[in-house]
Amino acid sequence: METNLDTIGNMNLLELMIPGTHNSGSYDRFNHKDNTLMNKYSLCQDENVFNQLVYGIRFLDLRVAYDVVAGNKSKLWLVHGPVPMKHTLDSVLLQVRRFIDMAPKEVVVIDFHRFEKGFNKDEISQQLIRRHHRKVYSLIAKHLRDYLVPQNMGLHSTLNQLIAKNKRIIIGYSSDHYLTDKTFVFPKTKHLWPNTDDIEEMVEYFNETLCDSYPNQLFSAMVQLTADKFGIIIDRYDGLRAMAQTVNH
């Protein structure tokens, strides 16, 4: 963003298209030995979150679970659906903080798009769900509060205004109704998701939806194919990496 502020500095995020990653917390370095069926269909990124930001990503899509893992005090983990990752939410937020500290003229959107295990009302009480969400919010505040954009600044503040006030992280939160303090959270980003394994259907979906109006709400184009369950079992697609290559080329 910094190198383009002469052009985009007086625009707000609702007026911009910014690069993002899908399932940003589902990452690990590619290793042929570990290229199991599970990894082929759960890992979405090769780079950690800090590296994603260094390479130019400014929108992060996070999915979180609350789980007890033996030998680890952390209970908040990044996941891809039911599949747990090796990374705690604490470690990912620290990566974001490290980047923001180093890049004083960059703005980042973090979308807490989905909450999985430990947040499901069919499994635990509403009271426990609220408690788990408070823990998420407390962790966000612990690491990022200095940089969080408050709701009263809104999404209509320009990049220059956000940078001038050093409020450069926008939090989207999918279950904000569980939070009593919403000072620093915005509604979750609307994901345009074609939910198909057919590239022609995907293109048709975006032709129909991408230019629709979403006033006062951030939205993202999830331009990736989605594997169906049977296709995963028989490894029809050769993994998410191969599916991404199909879309990119």
# chains A, B, ... in the order shown; residues from 1 in each chain; ligands from 1
>>> select_by_dssp(residues="range 88-230 of chain A", states="alpha helix (DSSP H)", output="PyMOL selection string")
chain A and resi 89-102+126-144+159-164+199-209+229-230
>>> closest_atom_pairs(of="range 88-133 of chain A", to="range 162-175 of chain A", cutoff="12 Å", atoms="only C-alpha atoms", output="Markdown table")
| residue | atom | partner | partner_atom | distance |
| --- | --- | --- | --- | --- |
| A:Leu93 | CA | A:Ile169 | CA | 11.2 |
| A:Val96 | CA | A:Ile169 | CA | 9.3 |
| A:Arg97 | CA | A:Ile169 | CA | 9.6 |
| A:Phe99 | CA | A:Ile169 | CA | 11.2 |
| A:Ile100 | CA | A:Arg168 | CA | 7.9 |
| A:Asp101 | CA | A:Asn166 | CA | 10.4 |
| A:Ala103 | CA | A:Arg168 | CA | 10.2 |
| A:Pro104 | CA | A:Ile163 | CA | 7.4 |
| A:Lys105 | CA | A:Ile163 | CA | 5.9 |
| A:Glu106 | CA | A:Arg168 | CA | 6.8 |
| A:Val107 | CA | A:Arg168 | CA | 4.5 |
| A:Val108 | CA | A:Ile169 | CA | 5.0 |
| A:Val109 | CA | A:Ile170 | CA | 4.7 |
| A:Ile110 | CA | A:Ile171 | CA | 5.0 |
| A:Asp111 | CA | A:Gly172 | CA | 4.4 |
| A:Phe112 | CA | A:Tyr173 | CA | 4.9 |
| A:His113 | CA | A:Ser174 | CA | 5.3 |
| A:Arg114 | CA | A:Ser174 | CA | 6.2 |
| A:Phe115 | CA | A:Ser174 | CA | 7.9 |
| A:Glu116 | CA | A:Ser175 | CA | 11.3 |
| A:Phe119 | CA | A:Ser175 | CA | 9.5 |
| A:Asn120 | CA | A:Ser175 | CA | 11.1 |
| A:Lys121 | CA | A:Ser175 | CA | 11.8 |
| A:Ile129 | CA | A:Ser175 | CA | 10.1 |
| A:Arg130 | CA | A:Ser175 | CA | 9.7 |
| A:His132 | CA | A:Ser175 | CA | 11.3 |
| A:His133 | CA | A:Ser175 | CA | 8.3 |
>>> closest_atom_pairs(of="range 182-240 of chain A", to="range 57-64 of chain A", cutoff="10 Å", atoms="only C-alpha atoms", output="tab-separated table")
residue	atom	partner	partner_atom	distance
A:Thr189	CA	A:Asp61	CA	9.1
A:His191	CA	A:Asp61	CA	9.8
A:Ser220	CA	A:Phe59	CA	9.0
>>> write_last_selection(atoms="C-alpha atoms", output="PDB file, in the first residue's frame")
ATOM      1  CA  THR A 189     -16.635  -9.939   5.472  1.00  0.00           C
ATOM      2  CA  HIS A 191     -17.505 -14.166   1.155  1.00  0.00           C
ATOM      3  CA  SER A 220     -14.245 -11.018  -0.768  1.00  0.00           C
TER       4      SER A 220
END
>>> residues_around(residues="Ser157 in chain A", least_positions_apart="6", cutoff="9 Å", atoms="only C-alpha atoms", output="ChimeraX atom specification")
/A:10-13
>>> write_last_selection(atoms="C-alpha atoms", output="compact mmCIF listing (two decimals), in the first residue's frame")
# COMPACT_ATOMS: atom_id res chain seq x y z
CA ASN A 10 -7.62 9.09 -0.33
CA MET A 11 -9.72 5.98 -0.95
CA ASN A 12 -11.35 3.82 1.70
CA LEU A 13 -11.40 0.02 1.85
>>> atom_distance(atom1="CA of Tyr205 in chain A", atom2="CA of Val247 in chain A")
13.9 Å
>>> residues_around(residues="range 74-79 of chain A", least_positions_apart="5", cutoff="7 Å", atoms="only C-alpha atoms", output="PDB file with N, CA and C atoms, in the first residue's frame")
ATOM      1  N   GLY A  25      -4.821 -19.178   7.841  1.00  0.00           N
ATOM      2  CA  GLY A  25      -4.153 -19.875   8.936  1.00  0.00           C
ATOM      3  C   GLY A  25      -3.896 -21.342   8.671  1.00  0.00           C
ATOM      4  N   SER A  26      -4.340 -21.849   7.516  1.00  0.00           N
ATOM      5  CA  SER A  26      -4.113 -23.264   7.162  1.00  0.00           C
ATOM      6  C   SER A  26      -2.847 -23.361   6.324  1.00  0.00           C
ATOM      7  N   ARG A  63     -10.011 -19.117  10.574  1.00  0.00           N
ATOM      8  CA  ARG A  63     -11.032 -20.014  11.139  1.00  0.00           C
ATOM      9  C   ARG A  63     -10.451 -20.532  12.457  1.00  0.00           C
ATOM     10  N   VAL A  64     -11.234 -20.459  13.530  1.00  0.00           N
ATOM     11  CA  VAL A  64     -10.712 -20.698  14.878  1.00  0.00           C
ATOM     12  C   VAL A  64     -11.520 -21.779  15.587  1.00  0.00           C
ATOM     13  N   ALA A  65     -10.817 -22.592  16.391  1.00  0.00           N
ATOM     14  CA  ALA A  65     -11.466 -23.582  17.259  1.00  0.00           C
ATOM     15  C   ALA A  65     -10.931 -23.427  18.677  1.00  0.00           C
ATOM     16  N   TYR A  66     -11.737 -23.871  19.633  1.00  0.00           N
ATOM     17  CA  TYR A  66     -11.324 -23.895  21.039  1.00  0.00           C
ATOM     18  C   TYR A  66     -11.139 -25.356  21.412  1.00  0.00           C
ATOM     19  N   ASP A  67      -9.914 -25.729  21.763  1.00  0.00           N
ATOM     20  CA  ASP A  67      -9.633 -27.144  22.002  1.00  0.00           C
ATOM     21  C   ASP A  67      -8.492 -27.274  22.999  1.00  0.00           C
ATOM     22  N   VAL A  68      -8.535 -28.328  23.775  1.00  0.00           N
ATOM     23  CA  VAL A  68      -7.467 -28.628  24.730  1.00  0.00           C
ATOM     24  C   VAL A  68      -6.491 -29.587  24.066  1.00  0.00           C
ATOM     25  N   PRO A  84      -7.513 -29.649  12.570  1.00  0.00           N
ATOM     26  CA  PRO A  84      -6.715 -28.682  13.327  1.00  0.00           C
ATOM     27  C   PRO A  84      -5.366 -28.427  12.660  1.00  0.00           C
ATOM     28  N   MET A  85      -4.911 -27.202  12.756  1.00  0.00           N
ATOM     29  CA  MET A  85      -3.571 -26.848  12.303  1.00  0.00           C
ATOM     30  C   MET A  85      -2.603 -26.883  13.493  1.00  0.00           C
ATOM     31  N   HIS A  87      -0.951 -24.318  14.519  1.00  0.00           N
ATOM     32  CA  HIS A  87      -0.701 -22.935  14.905  1.00  0.00           C
ATOM     33  C   HIS A  87      -1.779 -22.434  15.862  1.00  0.00           C
ATOM     34  N   THR A  88      -1.345 -21.810  16.935  1.00  0.00           N
ATOM     35  CA  THR A  88      -2.282 -21.193  17.861  1.00  0.00           C
ATOM     36  C   THR A  88      -2.686 -19.817  17.342  1.00  0.00           C
ATOM     37  N   LEU A  89      -3.852 -19.362  17.774  1.00  0.00           N
ATOM     38  CA  LEU A  89      -4.270 -18.005  17.427  1.00  0.00           C
ATOM     39  C   LEU A  89      -3.279 -16.999  17.981  1.00  0.00           C
TER      40      LEU A  89
END
>>> residues_around(residues="Asp238 in chain A", least_positions_apart="3", cutoff="9 Å", atoms="only C-alpha atoms", output="VMD selection string")
chain A and resid 37 40 to 41 232 235 241 to 243
>>> atom_distance(atom1="CA of Ser24 in chain A", atom2="CA of His249 in chain A")
21.1 Å
>>> atom_distance(atom1="CA of Pro19 in chain A", atom2="CA of Gln245 in chain A")
17.2 Å
>>> select_by_dssp(residues="range 5-142 of chain A", states="strand (DSSP E)", output="VMD selection string")
chain A and resid 20 to 21 59 to 66 76 to 80 83 to 88 108 to 115
>>> decode(residues="range 41-80 of chain A", atoms="N, CA and C atoms", output="mmCIF file, in the first residue's frame")
data_model
loop_
_atom_site.group_PDB
_atom_site.id
_atom_site.type_symbol
_atom_site.label_atom_id
_atom_site.label_comp_id
_atom_site.auth_asym_id
_atom_site.auth_seq_id
_atom_site.Cartn_x
_atom_site.Cartn_y
_atom_site.Cartn_z
ATOM 1 N N TYR A 41 -5.703 -31.816 1.239
ATOM 2 C CA TYR A 41 -7.019 -31.180 1.173
ATOM 3 C C TYR A 41 -7.336 -30.296 2.386
ATOM 4 N N SER A 42 -6.345 -30.056 3.240
ATOM 5 C CA SER A 42 -6.582 -29.153 4.375
ATOM 6 C C SER A 42 -5.642 -27.953 4.378
ATOM 7 N N LEU A 43 -4.438 -28.108 3.831
ATOM 8 C CA LEU A 43 -3.487 -26.993 3.807
ATOM 9 C C LEU A 43 -3.754 -26.111 2.591
ATOM 10 N N CYS A 44 -3.946 -24.827 2.855
ATOM 11 C CA CYS A 44 -4.282 -23.887 1.774
ATOM 12 C C CYS A 44 -3.138 -22.949 1.418
ATOM 13 N N GLN A 45 -2.161 -22.799 2.311
ATOM 14 C CA GLN A 45 -1.068 -21.853 2.075
ATOM 15 C C GLN A 45 0.276 -22.512 2.379
ATOM 16 N N ASP A 46 1.291 -22.123 1.606
ATOM 17 C CA ASP A 46 2.655 -22.596 1.857
ATOM 18 C C ASP A 46 3.389 -21.711 2.860
ATOM 19 N N GLU A 47 2.986 -20.451 2.945
ATOM 20 C CA GLU A 47 3.710 -19.468 3.754
ATOM 21 C C GLU A 47 2.963 -19.167 5.050
ATOM 22 N N ASN A 48 3.739 -18.877 6.116
ATOM 23 C CA ASN A 48 3.091 -18.461 7.353
ATOM 24 C C ASN A 48 2.464 -17.085 7.182
ATOM 25 N N VAL A 49 1.725 -16.640 8.162
ATOM 26 C CA VAL A 49 0.966 -15.398 8.031
ATOM 27 C C VAL A 49 1.889 -14.199 7.866
ATOM 28 N N PHE A 50 2.983 -14.158 8.601
ATOM 29 C CA PHE A 50 3.926 -13.042 8.446
ATOM 30 C C PHE A 50 4.431 -12.961 7.012
ATOM 31 N N ASN A 51 4.833 -14.092 6.449
ATOM 32 C CA ASN A 51 5.329 -14.089 5.070
ATOM 33 C C ASN A 51 4.237 -13.709 4.077
ATOM 34 N N GLN A 52 3.012 -14.170 4.321
ATOM 35 C CA GLN A 52 1.912 -13.765 3.443
ATOM 36 C C GLN A 52 1.799 -12.245 3.401
ATOM 37 N N LEU A 53 1.903 -11.610 4.556
ATOM 38 C CA LEU A 53 1.817 -10.148 4.625
ATOM 39 C C LEU A 53 3.008 -9.494 3.935
ATOM 40 N N VAL A 54 4.190 -10.035 4.138
ATOM 41 C CA VAL A 54 5.388 -9.488 3.487
ATOM 42 C C VAL A 54 5.258 -9.571 1.970
ATOM 43 N N TYR A 55 4.660 -10.643 1.469
ATOM 44 C CA TYR A 55 4.506 -10.817 0.020
ATOM 45 C C TYR A 55 3.348 -9.998 -0.559
ATOM 46 N N GLY A 56 2.641 -9.252 0.286
ATOM 47 C CA GLY A 56 1.643 -8.321 -0.234
ATOM 48 C C GLY A 56 0.202 -8.580 0.147
ATOM 49 N N ILE A 57 -0.058 -9.673 0.854
ATOM 50 C CA ILE A 57 -1.430 -9.964 1.279
ATOM 51 C C ILE A 57 -1.863 -8.945 2.335
ATOM 52 N N ARG A 58 -3.100 -8.433 2.184
ATOM 53 C CA ARG A 58 -3.615 -7.461 3.153
ATOM 54 C C ARG A 58 -4.988 -7.867 3.705
ATOM 55 N N PHE A 59 -5.442 -9.050 3.339
ATOM 56 C CA PHE A 59 -6.692 -9.580 3.881
ATOM 57 C C PHE A 59 -6.438 -11.005 4.344
ATOM 58 N N LEU A 60 -6.706 -11.273 5.617
ATOM 59 C CA LEU A 60 -6.498 -12.593 6.194
ATOM 60 C C LEU A 60 -7.839 -13.201 6.590
ATOM 61 N N ASP A 61 -8.035 -14.441 6.200
ATOM 62 C CA ASP A 61 -9.268 -15.195 6.455
ATOM 63 C C ASP A 61 -8.932 -16.278 7.477
ATOM 64 N N LEU A 62 -9.411 -16.109 8.725
ATOM 65 C CA LEU A 62 -9.050 -17.028 9.799
ATOM 66 C C LEU A 62 -10.256 -17.829 10.269
ATOM 67 N N ARG A 63 -10.011 -19.117 10.574
ATOM 68 C CA ARG A 63 -11.032 -20.014 11.139
ATOM 69 C C ARG A 63 -10.451 -20.532 12.457
ATOM 70 N N VAL A 64 -11.234 -20.459 13.530
ATOM 71 C CA VAL A 64 -10.712 -20.698 14.878
ATOM 72 C C VAL A 64 -11.520 -21.779 15.587
ATOM 73 N N ALA A 65 -10.817 -22.592 16.391
ATOM 74 C CA ALA A 65 -11.466 -23.582 17.259
ATOM 75 C C ALA A 65 -10.931 -23.427 18.677
ATOM 76 N N TYR A 66 -11.737 -23.871 19.633
ATOM 77 C CA TYR A 66 -11.324 -23.895 21.039
ATOM 78 C C TYR A 66 -11.139 -25.356 21.412
ATOM 79 N N ASP A 67 -9.914 -25.729 21.763
ATOM 80 C CA ASP A 67 -9.633 -27.144 22.002
ATOM 81 C C ASP A 67 -8.492 -27.274 22.999
ATOM 82 N N VAL A 68 -8.535 -28.328 23.775
ATOM 83 C CA VAL A 68 -7.467 -28.628 24.730
ATOM 84 C C VAL A 68 -6.491 -29.587 24.066
ATOM 85 N N VAL A 69 -5.227 -29.178 23.995
ATOM 86 C CA VAL A 69 -4.181 -29.998 23.381
ATOM 87 C C VAL A 69 -3.147 -30.327 24.444
ATOM 88 N N ALA A 70 -2.880 -31.603 24.632
ATOM 89 C CA ALA A 70 -1.943 -32.031 25.667
ATOM 90 C C ALA A 70 -0.585 -31.360 25.492
ATOM 91 N N GLY A 71 -0.053 -30.841 26.589
ATOM 92 C CA GLY A 71 1.275 -30.238 26.555
ATOM 93 C C GLY A 71 1.299 -28.806 26.078
ATOM 94 N N ASN A 72 0.132 -28.197 25.859
ATOM 95 C CA ASN A 72 0.089 -26.817 25.379
ATOM 96 C C ASN A 72 -0.964 -26.039 26.168
ATOM 97 N N LYS A 73 -0.573 -24.877 26.672
ATOM 98 C CA LYS A 73 -1.505 -24.058 27.451
ATOM 99 C C LYS A 73 -2.554 -23.383 26.572
ATOM 100 N N SER A 74 -2.203 -23.154 25.319
ATOM 101 C CA SER A 74 -3.132 -22.470 24.419
ATOM 102 C C SER A 74 -4.341 -23.348 24.120
ATOM 103 N N LYS A 75 -5.500 -22.716 24.042
ATOM 104 C CA LYS A 75 -6.723 -23.455 23.723
ATOM 105 C C LYS A 75 -7.386 -22.944 22.449
ATOM 106 N N LEU A 76 -6.857 -21.871 21.876
ATOM 107 C CA LEU A 76 -7.414 -21.308 20.649
ATOM 108 C C LEU A 76 -6.481 -21.622 19.494
ATOM 109 N N TRP A 77 -7.012 -22.352 18.507
ATOM 110 C CA TRP A 77 -6.195 -22.873 17.418
ATOM 111 C C TRP A 77 -6.794 -22.500 16.069
ATOM 112 N N LEU A 78 -5.922 -22.415 15.070
ATOM 113 C CA LEU A 78 -6.387 -22.241 13.697
ATOM 114 C C LEU A 78 -6.788 -23.602 13.146
ATOM 115 N N VAL A 79 -7.855 -23.616 12.353
ATOM 116 C CA VAL A 79 -8.362 -24.866 11.791
ATOM 117 C C VAL A 79 -8.811 -24.639 10.356
ATOM 118 N N HIS A 80 -8.949 -25.745 9.631
ATOM 119 C CA HIS A 80 -9.643 -25.740 8.341
ATOM 120 C C HIS A 80 -10.801 -26.702 8.496
#
